[in-house]
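Working notes for the structure below.
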Amino acid sequence: MNKLYIEGNKQLSGNVRISGSKNAALPILFMSILTKEKVQLTNVPKLTDIDTTIQLLKYLGAKIKNKKKILHIDTSLIKSNCPPYHLTKKIRASIWLLAPLLIRFGKAKIFLPGGCKIGSRPIDLHIKGLIELGANITLEDNYIFATIEKPLIGKNIYIQKVSVGATITIMGAAALSEGTTVIENAAREPEIIDIAKFLNTLGANIIGAGNNKIFIKGVSRLFGGTHKVIPDRIETGTFLIGAAISQGNVICHQTEPKFLKNVLIKLLESGAKINIGKNWIQLDMRGKKPKSINIATSPYPGFPTDLQPQFTLLNTISQSEGITTENIFENRFIYVSELIKMGAQIKIKKNSVICKGVSHLQSQNVFSTDLRGAATLVLAGCIASGITIVNNIYHFERGYELFSEKLNKLGANIKHI
Ligand code: UD1
């Protein structure tokens with residue numbers, strides 16, 4: 001079942017429960033290797049990327065059980081420091097095995113990670129950070145080999161380019177180093193705050209996550225603990241866009257409005273009526289055609305690159321012309337050719353796309369090539385005229401829990417074929 005059959009011309013309206021954040025849950029799972037004691041996680045989304053992560057941890061020797069929606073993780077018996085290529089190649093997040101395995105075993109061999117092909121996605125900043133803390137690292141053709149002879153030593157580390165991934169790697173490694181590490185130019189995403197909170201629950205001493213300077217006083221060991229993963233802000237944004245493009249009315253529940261401030265500002269600009277409560281967001285676009293908007297992606301709190309394709313879709317059916325500029329990944333317009341097949345009027349100019357709104361999209365046989373692009377094509381299918389087939393749906397299954405089921409509850413008609 002690798003295709004979706006989507007009947008178009010649907011208005012998306014109703015209530016949807018937002019799942020736990022993929023981008024927080026993945027590193028938290030990998031960082032659980034930093035303790036030999038038991039960890040319990042709640043609000044972990046059911047996704048193929050999470051399944052791959054659990055398989056990786058189990059391969060290394062961890063015991064993991066899901067009981068009553070609580071993930072019980074016991075990494076005390078992990079004995080391998082070399083995760084297998086057939087699993088690491090599936091997810092970019094596997095790079096987060098490097099620091100915890102290195103600290104746990106004094107050496108680690110990690111194959112270069114896989115993941116969405118949205119750019120070259122180097123890992124130099126992860127490596128550089130670990131070397132600055134005292135690790136010896138060599139890069140072979142397709143793997144990284146890292147060793148430490150003595151405990152890592154805390155240091156001031158300036159990350160040259162704001163990187164979510166590198167900030168997490170360094171934060172994890174520094175948690176068990178000797179002395180204090182200061183990460184400057186750190187990523188400020190809510191997921192970074194959640195990972196710091198998780199590590200602090202286990203006994204780490206991390207202050208300042210969410211700011212561009214993070215202070216980490218190394219501790220000698222971490223303990224067990226329980227942590228609830230934050231809601232997925234990208235899933236929330238995706239459903240809000242679903243309401244906006246279909247002139248619908250959707251309420252996202254169990255989410256965190258403050259994580260989406262800049263996204264909500266753009267949705268207001270597009271003409272949506274938005275109400276927010278403590279843990280919910282309602283977007284009402286009934287009776288209105290969205291207005292085009294300009295967006296430019298940048299690190300948090302800027303506009304998230306993971307919502308760039310969905311907002312471009314909004315512009316394809318909006319009133320005038322809107323420009324999307326992608327500043328994080330160099331190859332994140334791969335979904336555009338599929339939207340053009342559906343009748344969108346889009347021109348790519350360097351790292352921007354210019355969209356001239358059309359009255360409607362037409363159904364097509366389209367192929368998804370990456371996670372957020374796939375979700376965008378599914379949403380496009382919900383509003384296009386006729387039947388759209390979306391191929392390679394494993395891309396969105398990596399990052400959206402029960403996506404088609406949730407959309408069907410909102411009024412879509414999507415079948416797996
Ligand atoms: C994470 C998210 C991804 C999101 C991205 C940016 C996960 C699993 N993935 O990806 O969904 O799109 O943040 O918000 O959490 N870079 C380097 N060298 C490095 C690392 C990164 O040059 O060593 C560059 C990247 O190519 C990119 C930029 O830095 O241009 C930001 O990347 P980064 O924030 O690290 O993204 P990821 O952690 O891969």
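Within each chain, counting starts at residue 1; across the structure tokens, chains are named A, B, ... in the order shown, with ligands numbered 1 upward in that order.
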
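Secondary structure of region 243-272 of chain A, helix (DSSP H, G or I) only (DSSP, backbone atoms): Ala243, Ala244, Ile245, Pro257, Lys258, Phe259, Leu260, Lys261, Asn262, Val263, Leu264, Ile265, Lys266, Leu267, Leu268 and Glu269 of chain A.
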
Exercise for review: Output as a ChimeraX atom specification all residues of region 178-385 of chain A that backbone DSSP marks as strand (DSSP E or B).
Suggested key: /A:178,180-184,205-207,209,211,213-217,225-228,231,249-253,273-276,280-284,295-297,303,321-325,345-349,352-356,362,365-367,385

Can you build me a table of chain A residues sitting at most 6 Å from ligand 1, with the closest atom pair per residue and its distance in Å to one decimal, using only C-alpha atoms and all ligand atoms, sorted by chain and residue number, as a tab-separated table?
residue	atom	partner	partner_atom_place_in_ligand_line	distance
A:Asn23	CA	ligand 1	15 (O)	4.0
A:Ala93	CA	ligand 1	8 (C)	5.1
A:Arg121	CA	ligand 1	26 (O)	3.9
A:Pro122	CA	ligand 1	18 (N)	4.5
A:Ile123	CA	ligand 1	23 (O)	3.1
A:Asp124	CA	ligand 1	23 (O)	4.0
A:Leu125	CA	ligand 1	23 (O)	3.5
A:His126	CA	ligand 1	23 (O)	5.0
A:Lys161	CA	ligand 1	29 (O)	5.9
A:Ser163	CA	ligand 1	34 (O)	3.4
A:Val164	CA	ligand 1	34 (O)	3.7
A:Gly165	CA	ligand 1	38 (O)	3.3
A:Ala166	CA	ligand 1	35 (O)	5.7
A:Thr305	CA	ligand 1	12 (O)	5.5
A:Asp306	CA	ligand 1	12 (O)	5.0
A:Ile328	CA	ligand 1	30 (O)	4.4
A:Phe329	CA	ligand 1	30 (O)	4.7

Please, could you write that set of residues out with N, CA and C atoms as a PDB file, in the first residue's frame?
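Generated file (selection-v5.pdb):
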ATOM      1  N   ASN A  23      10.341  15.549  15.769  1.00  0.00           N
ATOM      2  CA  ASN A  23      11.705  16.070  15.855  1.00  0.00           C
ATOM      3  C   ASN A  23      12.201  16.232  17.292  1.00  0.00           C
ATOM      4  N   ALA A  93      18.146  11.279  11.440  1.00  0.00           N
ATOM      5  CA  ALA A  93      18.294  11.379  12.894  1.00  0.00           C
ATOM      6  C   ALA A  93      19.304  10.387  13.466  1.00  0.00           C
ATOM      7  N   ARG A 121      22.881  18.329   3.192  1.00  0.00           N
ATOM      8  CA  ARG A 121      22.775  17.977   4.611  1.00  0.00           C
ATOM      9  C   ARG A 121      24.076  17.435   5.220  1.00  0.00           C
ATOM     10  N   PRO A 122      25.102  18.287   5.263  1.00  0.00           N
ATOM     11  CA  PRO A 122      26.369  17.844   5.856  1.00  0.00           C
ATOM     12  C   PRO A 122      26.249  17.623   7.367  1.00  0.00           C
ATOM     13  N   ILE A 123      27.265  16.979   7.942  1.00  0.00           N
ATOM     14  CA  ILE A 123      27.258  16.740   9.395  1.00  0.00           C
ATOM     15  C   ILE A 123      28.516  17.326  10.041  1.00  0.00           C
ATOM     16  N   ASP A 124      29.195  18.213   9.286  1.00  0.00           N
ATOM     17  CA  ASP A 124      30.473  18.753   9.756  1.00  0.00           C
ATOM     18  C   ASP A 124      30.357  19.448  11.118  1.00  0.00           C
ATOM     19  N   LEU A 125      29.231  20.093  11.373  1.00  0.00           N
ATOM     20  CA  LEU A 125      29.110  20.857  12.629  1.00  0.00           C
ATOM     21  C   LEU A 125      28.959  19.930  13.838  1.00  0.00           C
ATOM     22  N   HIS A 126      28.340  18.765  13.619  1.00  0.00           N
ATOM     23  CA  HIS A 126      28.262  17.761  14.700  1.00  0.00           C
ATOM     24  C   HIS A 126      29.688  17.303  15.046  1.00  0.00           C
ATOM     25  N   LYS A 161      26.987  27.762  11.867  1.00  0.00           N
ATOM     26  CA  LYS A 161      25.695  27.955  11.212  1.00  0.00           C
ATOM     27  C   LYS A 161      24.647  27.392  12.175  1.00  0.00           C
ATOM     28  N   SER A 163      22.251  25.234  13.673  1.00  0.00           N
ATOM     29  CA  SER A 163      21.890  23.859  13.303  1.00  0.00           C
ATOM     30  C   SER A 163      21.198  23.172  14.476  1.00  0.00           C
ATOM     31  N   VAL A 164      19.981  22.699  14.199  1.00  0.00           N
ATOM     32  CA  VAL A 164      19.229  21.960  15.218  1.00  0.00           C
ATOM     33  C   VAL A 164      20.022  20.711  15.590  1.00  0.00           C
ATOM     34  N   GLY A 165      20.430  19.973  14.540  1.00  0.00           N
ATOM     35  CA  GLY A 165      21.101  18.694  14.754  1.00  0.00           C
ATOM     36  C   GLY A 165      22.387  18.839  15.551  1.00  0.00           C
ATOM     37  N   ALA A 166      23.238  19.802  15.163  1.00  0.00           N
ATOM     38  CA  ALA A 166      24.533  19.948  15.835  1.00  0.00           C
ATOM     39  C   ALA A 166      24.337  20.429  17.271  1.00  0.00           C
ATOM     40  N   THR A 305      11.243  25.948   7.875  1.00  0.00           N
ATOM     41  CA  THR A 305      11.410  25.329   6.553  1.00  0.00           C
ATOM     42  C   THR A 305      10.474  24.127   6.392  1.00  0.00           C
ATOM     43  N   ASP A 306      10.146  23.463   7.500  1.00  0.00           N
ATOM     44  CA  ASP A 306       9.279  22.276   7.408  1.00  0.00           C
ATOM     45  C   ASP A 306       7.829  22.622   7.073  1.00  0.00           C
ATOM     46  N   ILE A 328      17.099  27.592   4.223  1.00  0.00           N
ATOM     47  CA  ILE A 328      17.774  26.571   5.044  1.00  0.00           C
ATOM     48  C   ILE A 328      18.345  25.442   4.184  1.00  0.00           C
ATOM     49  N   PHE A 329      17.512  24.864   3.331  1.00  0.00           N
ATOM     50  CA  PHE A 329      17.962  23.722   2.516  1.00  0.00           C
ATOM     51  C   PHE A 329      17.954  24.104   1.038  1.00  0.00           C
TER      52      PHE A 329
END

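The neighbours of Ile70 (chain A) here are the residues that come within 6 Å of it, using only C-alpha atoms and leaving out any residue fewer than 4 positions away in the same chain; they are Leu41, Thr42 and Asn66 of chain A.
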
Can those selected residues be exported to a file as a PDB file, in the first residue's frame so that it contains all heavy atoms?
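Saved result, selection15.pdb, follows:
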ATOM      1  N   LEU A  41       8.726   7.320  28.294  1.00  0.00           N
ATOM      2  CA  LEU A  41       8.342   8.458  27.455  1.00  0.00           C
ATOM      3  C   LEU A  41       6.862   8.369  27.098  1.00  0.00           C
ATOM      4  O   LEU A  41       6.372   7.291  26.746  1.00  0.00           O
ATOM      5  CB  LEU A  41       9.150   8.462  26.158  1.00  0.00           C
ATOM      6  CG  LEU A  41      10.666   8.597  26.288  1.00  0.00           C
ATOM      7  CD1 LEU A  41      11.308   8.522  24.907  1.00  0.00           C
ATOM      8  CD2 LEU A  41      11.041   9.916  26.961  1.00  0.00           C
ATOM      9  N   THR A  42       6.179   9.510  27.193  1.00  0.00           N
ATOM     10  CA  THR A  42       4.789   9.547  26.724  1.00  0.00           C
ATOM     11  C   THR A  42       4.694  10.541  25.573  1.00  0.00           C
ATOM     12  O   THR A  42       5.588  11.359  25.361  1.00  0.00           O
ATOM     13  CB  THR A  42       3.812   9.960  27.854  1.00  0.00           C
ATOM     14  OG1 THR A  42       4.206  11.246  28.333  1.00  0.00           O
ATOM     15  CG2 THR A  42       3.803   8.970  28.991  1.00  0.00           C
ATOM     16  N   ASN A  66       6.117  -0.928  24.665  1.00  0.00           N
ATOM     17  CA  ASN A  66       5.072   0.086  24.651  1.00  0.00           C
ATOM     18  C   ASN A  66       3.898  -0.452  25.462  1.00  0.00           C
ATOM     19  O   ASN A  66       3.230  -1.386  25.037  1.00  0.00           O
ATOM     20  CB  ASN A  66       4.657   0.342  23.198  1.00  0.00           C
ATOM     21  CG  ASN A  66       3.894   1.638  23.081  1.00  0.00           C
ATOM     22  OD1 ASN A  66       3.408   2.170  24.068  1.00  0.00           O
ATOM     23  ND2 ASN A  66       3.788   2.145  21.877  1.00  0.00           N
TER      24      ASN A  66
END

Listing only residues of region 143-228 of chain A within 6 Å of region 99-109 of chain A, what is the closest atom pair and its distance in Å (to one decimal) for each, using only C-alpha atoms, sorted by chain and residue number ascending, as a tab-separated table?
residue	atom	partner	partner_atom	distance
A:Ile144	CA	A:Lys109	CA	5.6
A:Phe145	CA	A:Lys109	CA	4.6
A:Ala146	CA	A:Ala108	CA	5.3
A:Thr147	CA	A:Lys107	CA	4.1
A:Ile148	CA	A:Gly106	CA	5.1
A:Ala173	CA	A:Ala99	CA	5.5

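Ranking A:Ile317, A:Ser270, A:Leu71, A:Glu132 by their shortest atom-to-atom distance to Asp51 (chain A), with only C-alpha atoms included, puts A:Leu71 first.
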
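You will find CA of Thr369 (chain A) at 27.5 Å from CA of Ser320 (chain A).
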
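Nearest residue to Gly203 (chain A) among A:Thr35, A:Thr169, A:Gln55, A:Gln345 is A:Thr35, counting only C-alpha atoms.
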
**Study point:** Distance of CA of Lys228 (chain A) from CA of Ile207 (chain A), expressed in Å to one decimal place
**Key:**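 Answer for the CA of Ile207 (chain A) to CA of Lys228 (chain A) separation: 19.1 Å.
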
Review point. Hey, can you check how far CA of Gly271 (chain A) sits from CA of Met285 (chain A)?
Key: 7.3 Å

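Closest approach to Asp74 (chain A) among A:Thr88, A:Gln40, A:Thr48, A:Asn275 is made by A:Gln40 (distances from only C-alpha atoms).
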
Point to revise | Shell around Val162 (chain A) at 10 Å using only C-alpha atoms, local window under 5 positions removed, as a PyMOL selection string | key: chain A and resi 125+167+184-188+212+298-300+328

Practice item. Identify, on the basis of only C-alpha atoms, every residue whose closest approach to Leu361 (chain A) does not exceed 8 Å; exclude the query and any residue fewer than 6 positions from it along the same chain; express the result as an MDAnalysis selection string. Key: chainID A and resid 317 342:344 380 383:385

Exercise for review: Have a look at A:Thr75, A:Ser292, A:Asn9, A:Asn262 and name the one nearest to Asn413 (chain A); count only C-alpha atoms.
Suggested key: A:Asn9

Review point. So which one's closest to Leu264 (chain A), A:Leu283, A:Met31, A:Leu98, A:Ile193? Using only C-alpha atoms, please.
Key: A:Leu283
